[in-house]
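Undergrad: This is run.pdb, which holds PDB, C-alpha atoms:
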```pdb
MODEL        1
ATOM      1  CA  MET A 219     182.982 207.006  55.275
ATOM      2  CA  LYS A 220     179.487 206.707  53.787
ATOM      3  CA  VAL A 221     179.236 203.144  55.040
ATOM      4  CA  ALA A 222     180.125 204.273  58.550
ATOM      5  CA  LEU A 223     177.445 206.952  58.513
ATOM      6  CA  VAL A 224     174.795 204.505  57.317
ATOM      7  CA  LEU A 225     175.674 201.998  60.031
ATOM      8  CA  ALA A 226     175.594 204.700  62.701
ATOM      9  CA  ALA A 227     172.169 205.839  61.588
ATOM     10  CA  PHE A 228     170.865 202.235  61.573
ATOM     11  CA  PHE A 229     172.046 201.463  65.106
ATOM     12  CA  SER A 230     170.663 204.777  66.362
ATOM     13  CA  THR A 231     167.226 203.978  64.942
ATOM     14  CA  ALA A 232     167.236 200.379  66.318
ATOM     15  CA  THR A 233     168.182 201.595  69.769
ATOM     16  CA  ALA A 234     165.346 204.115  69.773
ATOM     17  CA  PHE A 235     162.885 201.448  68.584
ATOM     18  CA  PHE A 236     163.828 198.575  70.931
ATOM     19  CA  GLY A 237     164.613 200.767  73.872
ATOM     20  CA  ALA A 238     161.263 202.500  73.919
ATOM     21  CA  LYS A 239     158.802 201.441  76.618
ATOM     22  CA  VAL A 240     155.744 199.666  75.371
ATOM     23  CA  GLN A 241     152.512 200.947  76.923
ATOM     24  CA  HIS A 242     149.696 198.474  77.340
ATOM     25  CA  VAL A 243     146.204 199.866  77.149
ATOM     26  CA  SER A 244     143.791 197.933  79.327
ATOM     27  CA  THR A 245     140.365 197.410  77.761
ATOM     28  CA  SER A 246     138.869 197.247  81.219
ATOM     29  CA  SER A 247     139.825 200.847  81.842
ATOM     30  CA  ALA A 248     137.581 201.849  78.957
ATOM     31  CA  ARG A 249     134.505 200.264  80.510
ATOM     32  CA  ALA A 250     131.971 202.338  82.350
ATOM     33  CA  PRO A 251     132.392 202.139  86.108
ATOM     34  CA  MET A 252     129.969 199.755  87.821
ATOM     35  CA  ARG A 253     127.842 201.002  90.661
ATOM     36  CA  GLU A 254     128.271 199.048  93.823
ATOM     37  CA  GLY A 255     125.146 197.541  95.337
ATOM     38  CA  VAL A 256     123.100 197.637  92.133
ATOM     39  CA  PHE A 257     121.860 194.271  90.851
ATOM     40  CA  MET A 258     119.844 193.350  87.788
ATOM     41  CA  ARG A 259     116.498 191.862  88.872
ATOM     42  CA  LYS A 260     114.362 189.592  86.737
ATOM     43  CA  ARG A 261     110.862 190.795  86.122
ATOM     44  CA  PRO A 262     108.253 188.526  87.760
ATOM     45  CA  VAL A 263     106.449 186.272  85.294
ATOM     46  CA  SER A 264     102.662 186.632  85.448
ATOM     47  CA  VAL A 265     100.818 183.477  86.500
ATOM     48  CA  MET A 266      98.338 184.243  83.707
ATOM     49  CA  LYS A 267     100.979 184.247  80.983
ATOM     50  CA  GLY A 268      99.747 181.987  78.215
ATOM     51  CA  LYS A 269      96.413 181.547  79.993
ATOM     52  CA  ARG A 270      93.040 183.263  80.109
ATOM     53  CA  LYS A 271      89.727 183.192  81.937
ATOM     54  CA  VAL A 272      86.747 181.899  79.963
ATOM     55  CA  VAL A 273      83.064 181.190  80.579
ATOM     56  CA  LEU A 274      81.898 177.648  79.862
ATOM     57  CA  THR A 275      78.732 177.344  77.804
ATOM     58  CA  THR A 276      78.287 173.633  78.472
ATOM     59  CA  ASP A 277      79.195 171.045  81.103
ATOM     60  CA  LEU A 278      82.659 169.593  80.511
ATOM     61  CA  LYS A 279      84.065 166.685  82.481
ATOM     62  CA  ASN A 280      87.107 167.578  84.611
ATOM     63  CA  LEU A 281      86.738 171.264  83.739
ATOM     64  CA  GLY A 282      83.434 172.654  84.986
ATOM     65  CA  ALA A 283      79.739 173.194  84.490
ATOM     66  CA  SER A 284      77.915 175.609  82.228
ATOM     67  CA  ASN A 285      78.378 179.255  83.318
ATOM     68  CA  ASP A 286      81.485 178.407  85.344
ATOM     69  CA  VAL A 287      84.397 180.840  84.951
ATOM     70  CA  VAL A 288      87.608 178.824  84.565
ATOM     71  CA  THR A 289      91.240 179.494  83.657
ATOM     72  CA  VAL A 290      92.625 177.579  80.680
ATOM     73  CA  ARG A 291      95.649 177.741  78.407
ATOM     74  CA  ASP A 292      95.350 179.960  75.354
ATOM     75  CA  GLY A 293      95.983 177.090  72.946
ATOM     76  CA  TYR A 294      93.300 174.894  74.520
ATOM     77  CA  TYR A 295      90.775 177.708  74.326
ATOM     78  CA  LEU A 296      91.600 178.852  70.777
ATOM     79  CA  ASN A 297      92.015 175.399  69.261
ATOM     80  CA  TYR A 298      89.369 173.387  71.096
ATOM     81  CA  LEU A 299      86.879 175.230  73.301
ATOM     82  CA  LEU A 300      86.155 178.260  71.120
ATOM     83  CA  PRO A 301      85.752 176.481  67.736
ATOM     84  CA  ARG A 302      83.281 174.011  69.277
ATOM     85  CA  GLY A 303      81.309 176.672  71.100
ATOM     86  CA  PHE A 304      82.170 175.181  74.498
ATOM     87  CA  ALA A 305      83.373 178.490  75.972
ATOM     88  CA  GLY A 306      83.583 182.216  75.369
ATOM     89  CA  PRO A 307      85.687 185.094  76.660
ATOM     90  CA  ALA A 308      85.080 186.147  80.259
ATOM     91  CA  ASP A 309      84.379 189.776  79.387
ATOM     92  CA  ASP A 310      82.086 192.143  81.291
ATOM     93  CA  GLU A 311      79.009 191.186  79.257
ATOM     94  CA  ALA A 312      79.572 187.456  79.747
ATOM     95  CA  LEU A 313      80.209 187.850  83.475
ATOM     96  CA  ALA A 314      77.004 189.866  83.849
ATOM     97  CA  LYS A 315      75.056 187.047  82.166
ATOM     98  CA  VAL A 316      76.712 184.486  84.432
ATOM     99  CA  SER A 317      75.756 186.497  87.502
ATOM    100  CA  ALA A 318      72.128 186.730  86.322
ATOM    101  CA  ALA A 319      72.039 182.988  85.568
ATOM    102  CA  ILE A 320      73.385 182.145  89.031
ATOM    103  CA  ILE A 321      70.734 184.295  90.707
ATOM    104  CA  ALA A 322      67.976 182.680  88.611
ATOM    105  CA  LYS A 323      69.300 179.189  89.406
ATOM    106  CA  GLU A 324      69.422 179.888  93.127
ATOM    107  CA  GLU A 325      65.857 181.207  93.064
ATOM    108  CA  LYS A 326      64.675 178.135  91.156
ATOM    109  CA  GLU A 327      66.408 175.814  93.632
ATOM    110  CA  LYS A 328      64.838 177.690  96.525
ATOM    111  CA  VAL A 329      61.347 177.253  95.053
ATOM    112  CA  ALA A 330      61.979 173.538  94.407
ATOM    113  CA  PHE A 331      63.281 173.029  97.954
ATOM    114  CA  GLU A 332      60.248 174.724  99.489
ATOM    115  CA  ALA A 333      57.866 172.712  97.275
ATOM    116  CA  ALA A 334      59.606 169.480  98.278
ATOM    117  CA  GLY A 335      59.225 170.426 101.936
ATOM    118  CA  ALA A 336      55.485 170.977 101.461
ATOM    119  CA  ASN A 337      55.114 167.627  99.663
ATOM    120  CA  LYS A 338      57.043 165.887 102.437
ATOM    121  CA  ALA A 339      54.660 167.246 105.038
ATOM    122  CA  LYS A 340      51.657 166.114 103.014
ATOM    123  CA  LEU A 341      52.967 162.595 102.388
ATOM    124  CA  GLU A 342      54.040 162.002 105.965
ATOM    125  CA  GLY A 343      50.690 163.318 107.173
ATOM    126  CA  LEU A 344      48.718 160.672 105.280
ATOM    127  CA  ALA A 345      46.589 158.433 107.473
ATOM    128  CA  SER A 346      47.133 155.432 105.225
ATOM    129  CA  VAL A 347      48.486 154.369 101.882
ATOM    130  CA  SER A 348      47.488 150.923 100.775
ATOM    131  CA  ILE A 349      47.811 148.590  97.841
ATOM    132  CA  ALA A 350      45.480 145.615  97.419
ATOM    133  CA  LYS A 351      46.915 142.393  96.011
ATOM    134  CA  LYS A 352      45.655 138.862  95.597
ATOM    135  CA  SER A 353      47.198 136.634  98.210
ATOM    136  CA  GLY A 354      47.724 132.942  98.890
ATOM    137  CA  GLU A 355      49.011 130.801 101.686
ATOM    138  CA  ASN A 356      51.185 132.412 104.363
ATOM    139  CA  ASP A 357      49.994 135.836 103.195
ATOM    140  CA  SER A 358      52.189 135.640 100.143
ATOM    141  CA  ILE A 359      50.999 137.794  97.253
ATOM    142  CA  PHE A 360      50.735 136.917  93.626
ATOM    143  CA  GLY A 361      53.326 138.833  91.697
ATOM    144  CA  SER A 362      55.189 141.714  93.358
ATOM    145  CA  VAL A 363      54.823 145.411  94.077
ATOM    146  CA  GLY A 364      57.124 147.669  92.078
ATOM    147  CA  PRO A 365      57.994 151.391  92.178
ATOM    148  CA  THR A 366      55.391 152.370  89.583
ATOM    149  CA  GLU A 367      52.591 150.828  91.648
ATOM    150  CA  VAL A 368      53.859 152.460  94.848
ATOM    151  CA  VAL A 369      54.042 155.921  93.231
ATOM    152  CA  ALA A 370      50.506 155.507  91.887
ATOM    153  CA  ALA A 371      49.266 154.646  95.387
ATOM    154  CA  LEU A 372      51.054 157.648  96.893
ATOM    155  CA  GLU A 373      49.627 160.027  94.276
ATOM    156  CA  ALA A 374      46.109 158.639  94.721
ATOM    157  CA  ALA A 375      46.256 159.074  98.485
ATOM    158  CA  SER A 376      47.874 162.522  98.499
ATOM    159  CA  GLY A 377      46.575 164.150  95.331
ATOM    160  CA  LEU A 378      50.160 165.082  94.422
ATOM    161  CA  THR A 379      51.904 164.585  91.095
ATOM    162  CA  LEU A 380      55.209 162.994  92.012
ATOM    163  CA  GLY A 381      56.483 162.008  88.601
ATOM    164  CA  SER A 382      59.272 159.463  88.943
ATOM    165  CA  PRO A 383      60.857 159.990  92.356
ATOM    166  CA  LYS A 384      63.566 157.717  93.703
ATOM    167  CA  LEU A 385      62.032 155.167  96.065
ATOM    168  CA  LYS A 386      63.636 152.927  98.646
ATOM    169  CA  PHE A 387      61.776 149.997 100.220
ATOM    170  CA  ASP A 388      62.241 146.343 100.992
ATOM    171  CA  ASP A 389      61.112 143.659  98.592
ATOM    172  CA  ILE A 390      57.326 143.340  98.860
ATOM    173  CA  SER A 391      56.283 139.740  98.403
ATOM    174  CA  SER A 392      53.671 139.293 101.123
ATOM    175  CA  LEU A 393      50.898 141.143 102.921
ATOM    176  CA  GLY A 394      51.878 143.563 105.656
ATOM    177  CA  GLU A 395      53.235 147.043 106.342
ATOM    178  CA  TYR A 396      56.322 148.447 104.697
ATOM    179  CA  GLU A 397      58.333 151.641 105.032
ATOM    180  CA  VAL A 398      58.865 153.602 101.841
ATOM    181  CA  VAL A 399      61.430 156.407 101.585
ATOM    182  CA  VAL A 400      60.627 158.886  98.833
ATOM    183  CA  THR A 401      63.313 161.273  97.564
ATOM    184  CA  LEU A 402      61.531 164.512  96.720
ATOM    185  CA  HIS A 403      64.645 166.696  96.452
ATOM    186  CA  PRO A 404      68.388 166.087  96.878
ATOM    187  CA  LYS A 405      67.987 167.435 100.423
ATOM    188  CA  VAL A 406      64.424 166.315 101.177
ATOM    189  CA  THR A 407      63.034 162.797 101.726
ATOM    190  CA  ALA A 408      59.683 161.623 103.037
ATOM    191  CA  THR A 409      59.067 158.393 104.905
ATOM    192  CA  VAL A 410      55.646 156.804 104.346
ATOM    193  CA  LYS A 411      53.972 153.705 105.767
ATOM    194  CA  LEU A 412      52.592 151.467 103.024
ATOM    195  CA  SER A 413      50.086 148.719 103.769
ATOM    196  CA  VAL A 414      49.751 145.784 101.388
ATOM    197  CA  VAL A 415      46.330 144.227 101.920
ATOM    198  CA  THR A 416      44.437 141.389 100.344
ATOM    199  CA  GLU A 417      41.831 142.034  97.703
TER     200      GLU A 417
ENDMDL
END
```
What do you get writing this file as structure tokens?
TA:
Amino acid sequence: MKVALVLAAFFSTATAFFGAKVQHVSTSSARAPMREGVFMRKRPVSVMKGKRKVVLTTDLKNLGASNDVVTVRDGYYLNYLLPRGFAGPADDEALAKVSAAIIAKEEKEKVAFEAAGANKAKLEGLASVSIAKKSGENDSIFGSVGPTEVVAALEAASGLTLGSPKLKFDDISSLGEYEVVVTLHPKVTATVKLSVVTE
């Protein structure tokens, strides 16, 4: 009798256990609902990230001239330009100095250009510029006439101090008239007639 009761209780418990419905809980149901039409956008990366503007304090090949404001990588500035004193930060004070330097440079170039124009007018207005040389047969001269001698003749005739201007003229090896082009400024040249005469 006891055995029968135990078996009945066992089968009753097994039936309840195996016959019960198993409920599956979906993990997706626990997630927060997604809003339709909303997308995650990447923030735009600044073009200046890892870079900075600096003011050059000296002329550097392939980078710029003194007082130029250029953009360089942080590492290049901190490890090379700054330690050597080749550049400084482009702050308000530095930019103000650059602006003042540019104005001063432009004024200086204007003065030089105007002075070159005045010298051009004086040189081209000369009646004659001559150099006397010993000559031989066929009007050939002894020796030659070089730039230093030509500049000296131009200064003597004009009263100007030309220094060492760039000159362009044909080889002078005999008596006669020659055309001399004198560069007084990158934008100003004077053309002068030079006469080589016998002593």
Undergrad: Once the PyMOL selection byres ((chain A and resi 296) around 12) has been applied to the shown file, what residues remain in the selection, as a list in words?
TA: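 Answer for the PyMOL selection byres ((chain A and resi 296) around 12): Gly268, Lys269, Arg270, Val272, Val290, Arg291, Asp292, Gly293, Tyr294, Tyr295, Asn297, Tyr298, Leu299, Leu300, Pro301, Arg302, Gly303, Phe304, Ala305, Gly306 and Pro307 of chain A.
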Undergrad: What does the file look like for those residues with C-alpha atoms, as a short mmCIF file (atom, residue, chain, number, x, y, z; two decimals), in the frame of the given file?
TA:
```cif
data_model
loop_
_atom_site.label_atom_id
_atom_site.label_comp_id
_atom_site.auth_asym_id
_atom_site.auth_seq_id
_atom_site.Cartn_x
_atom_site.Cartn_y
_atom_site.Cartn_z
CA GLY A 268 99.75 181.99 78.22
CA LYS A 269 96.41 181.55 79.99
CA ARG A 270 93.04 183.26 80.11
CA VAL A 272 86.75 181.90 79.96
CA VAL A 290 92.62 177.58 80.68
CA ARG A 291 95.65 177.74 78.41
CA ASP A 292 95.35 179.96 75.35
CA GLY A 293 95.98 177.09 72.95
CA TYR A 294 93.30 174.89 74.52
CA TYR A 295 90.78 177.71 74.33
CA ASN A 297 92.02 175.40 69.26
CA TYR A 298 89.37 173.39 71.10
CA LEU A 299 86.88 175.23 73.30
CA LEU A 300 86.16 178.26 71.12
CA PRO A 301 85.75 176.48 67.74
CA ARG A 302 83.28 174.01 69.28
CA GLY A 303 81.31 176.67 71.10
CA PHE A 304 82.17 175.18 74.50
CA ALA A 305 83.37 178.49 75.97
CA GLY A 306 83.58 182.22 75.37
CA PRO A 307 85.69 185.09 76.66
#
```
Undergrad: Using atom CA of A:Ala339 and atom CA of A:Val368 as the two end points, give the distance in Å to one decimal.
TA: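 Here the two named atoms are 18.0 Å from each other.
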Undergrad: Out of A:Thr409, A:Ser317, A:Ser346, A:Ser353, which residue has the shortest atom-to-atom distance to A:Ala374 when counting only C-alpha atoms?
TA: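 Looking at the shortest contact to A:Ala374, the residue is A:Ser346.
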Undergrad: Might you pull out every residue within 7 Å of A:Ser284, with only C-alpha atoms counted and same-chain residues fewer than 5 positions away left off, and present them as a ChimeraX atom specification?
TA: /A:274-277
Undergrad: Of the candidates A:Ala318, A:Ile390, A:Val347, A:Val414, which one gets nearest to A:Ala370 if we count all atoms listed in the file?
TA: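 Closest to A:Ala370 of all the choices is A:Val347.
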Undergrad: Applied to this file, what does the PyMOL selection byres ((chain A and resi 408) around 8) return in terms of residues, put as number ranges by chain?
TA: A: 338-339, 341-342, 399-402, 406-407, 409-410
Undergrad: So which residues touch A:Gly381 within 10 Å, counting all atoms listed in the file, skipping near sequence neighbours fewer than 3 positions away, as a list in words?
TA: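 Surrounding residues, per the criterion: Thr366, Val369, Ala370, Glu373, Leu378, Lys384 and Leu402 of chain A.
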Undergrad: Run through the PyMOL selection byres ((chain A and resi 397) around 8) on the given coordinates and return the selected residues as number ranges by chain.
TA: A: 387-388, 395-396, 398-399, 409-412
Undergrad: Find the residues near A:Val273: any atom within 10 Å, counting only C-alpha atoms, skip ones fewer than 5 places away on the same chain, and give them as a list in words.
TA: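 Counting only C-alpha atoms, the residues come to Gly282, Ala283, Ser284, Asn285, Asp286, Val287, Val288, Thr289, Phe304, Ala305, Gly306, Pro307, Ala308, Asp309, Ala312, Leu313 and Val316 of chain A.
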Undergrad: Could you please determine the separation between atom CA of A:Glu417 and atom CA of A:Lys352 in Å, to one decimal place?
TA: 5.4 Å
